[in-house]
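Engineer: This structure is in structure tokens; I'll ask about it shortly.
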Amino acid sequence: MVHIVGAGPGDPELITVKGQKYLQEADVVIYAGSLVNPALLSLCKEEAEIHNSASMTLDEVVQTIAKAEAEGKMTVRLHTGDPAIYGAIQEQMDAFKARDIDYDVTPGVSSFLATAAALKQEYTLPGVSQTVIVTRQEGRTPVPDREKLRSLAQHGSTMCIFLSITMLDKVVEELIAGGYTEETPIAIVQRASWPQQKIVRATLSTICEEIKGKDIDRTAMIVVSPCLAGNYELSQLYAPTFSHMFREASKGTGNK
């Protein structure tokens, strides 16, 4: 059996209980060494066979897992964050299917959510934005025209941009061309939830200058959102004028 497990954003305590259980029980662990916090490997049993997939090809990963299956061993394929987002797991799952290898997926805490926690920020604020776009700047991996930053920026919503910090100048150019103003707030969080976590806040017009000399590398999340400005309407959920199935509107306040 193969368990594809989301390792979470970095803090070893942010792996799920189920993911931790599988990691502790695994006979073979293949982890994304360039991104997964190696501290998680301390959860593995001493005799576990551990492979760093950073230096492996897809065929090598699949062959290693097939060998473990033939030997009756349980494998954990450990991916950073949640494996469904830029985890390249679809090709692995399809390869497992082709070989009749049984597998399941355990979700994890994505880095864009750990980034919100680091910023102490809600991404969906009433009257500001009710949409979160998870995307990336085009690089070696192409992006469809309809999903380019310039196009997505027209919504003016919260945008969490992965894998793009080394192209920040191009990111800013595309966001402004798409409709965000130069004064739109932006935040960059490097290694959210890690001890080495760094946060830089600025506006689209100043962010490229602000990060100079701060040693911000490719493991950083970019968040651009009017929500970061701090102005918003209070939620109706807790308003005294609002009734729902668990609470009646307060007398004299009306019911909206």
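How things are named: the first chain in the structure tokens is A, the next is B, and so on; residues count from 1 in each chain; ligands count from 1 in the order shown.
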Can you tell me, as an MDAnalysis selection string, which residues in range 64-241 of chain A count as strand (DSSP E) by DSSP?
Structural biologist: chainID A and resid 75:79 103:106 132:136 158:162 185:190 198:203 220:224
Engineer: I need the residues in range 196-228 of chain A that are alpha helix (DSSP H) according to DSSP; give them as a list in words.
Structural biologist: Ile207, Cys208, Glu209 and Glu210 of chain A
Engineer: Between A:Ile50, A:Ile101, A:Val224, A:Ala187, which has the minimum distance to Thr135 in chain A (counting only C-alpha atoms)?
Structural biologist: A:Val224
Engineer: Applying 9 Å and only C-alpha atoms, which residues near range 52-57 of chain A remain after dropping the ones on its own chain fewer than 6 positions away? List them as a ChimeraX atom specification.
Structural biologist: /A:29-35
Engineer: Given only C-alpha atoms as the basis, pick out the residue of A:Val143, A:Leu168, A:Leu23, A:Ile15 nearest to Thr80 in chain A.
Structural biologist: A:Ile15
Engineer: Just to confirm, what's the straight-line distance from CA of Leu234 in chain A to CA of Glu248 in chain A in Å (one decimal)?
Structural biologist: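 Computing the Euclidean distance for CA of Leu234 in chain A and CA of Glu248 in chain A yields 18.1 Å.
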Engineer: Considering only C-alpha atoms, return as a PyMOL selection string whatever protein or nucleic-acid residues lie within 12 Å of range 203-209 of chain A, sequence-local ones (same chain, fewer than 3 positions apart) excluded.
Structural biologist: chain A and resi 165-177+179-188+199-200+212-214+216+222-226+228-229
Engineer: Within 10 Å of Tyr103 in chain A, counting only C-alpha atoms, which residues qualify if same-chain residues fewer than 6 places away don't, as a PyMOL selection string?
Structural biologist: chain A and resi 1-4+75-77+93+96-97
Engineer: From the set A:Leu152, A:Cys227, A:Ile133, A:Val105, which residue has the shortest atom-to-atom contact distance to His79 in chain A, counting only C-alpha atoms?
Structural biologist: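 Of A:Leu152, A:Cys227, A:Ile133, A:Val105, the one nearest His79 in chain A, counting only C-alpha atoms, is A:Val105.
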Engineer: Write out as an MDAnalysis selection string each polymer residue whose atoms come within 12 Å of Thr141 in chain A, counting only C-alpha atoms; drop sequence neighbours fewer than 5 positions from it.
Structural biologist: chainID A and resid 86 88 136 148 163:164
Engineer: Please measure the separation of CA of Arg99 in chain A and CA of Ala66 in chain A, giving the value in Å to one decimal.
Structural biologist: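 Going from CA of Arg99 in chain A over to CA of Ala66 in chain A, I get 8.0 Å.
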Engineer: With only C-alpha atoms as the counted atoms, please give the residues lying no more than 12 Å from Val17 in chain A, apart from itself and same-chain residues fewer than 4 positions off, as a list in words.
Structural biologist: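 These residues fall inside the cut-off: Val5, Gly6, Ala7, Gly8, Pro12, Glu13, Lys21, Tyr22, Leu23, Gln24, Leu43, Thr106, Pro107, Gly108 and Val109 of chain A.
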Engineer: Would you work out the distance separating CA of Glu122 in chain A from CA of Lys18 in chain A, expressed in Å to one decimal?
Structural biologist: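 Interatomic distance, CA of Glu122 in chain A to CA of Lys18 in chain A: 26.6 Å.
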Engineer: From the options A:Met159, A:Glu49, A:Met74, A:Pro9, which residue's atoms come nearest to Tyr123 in chain A, counting only C-alpha atoms?
Structural biologist: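 With only C-alpha atoms as the atom set, the closest residue is A:Met159.
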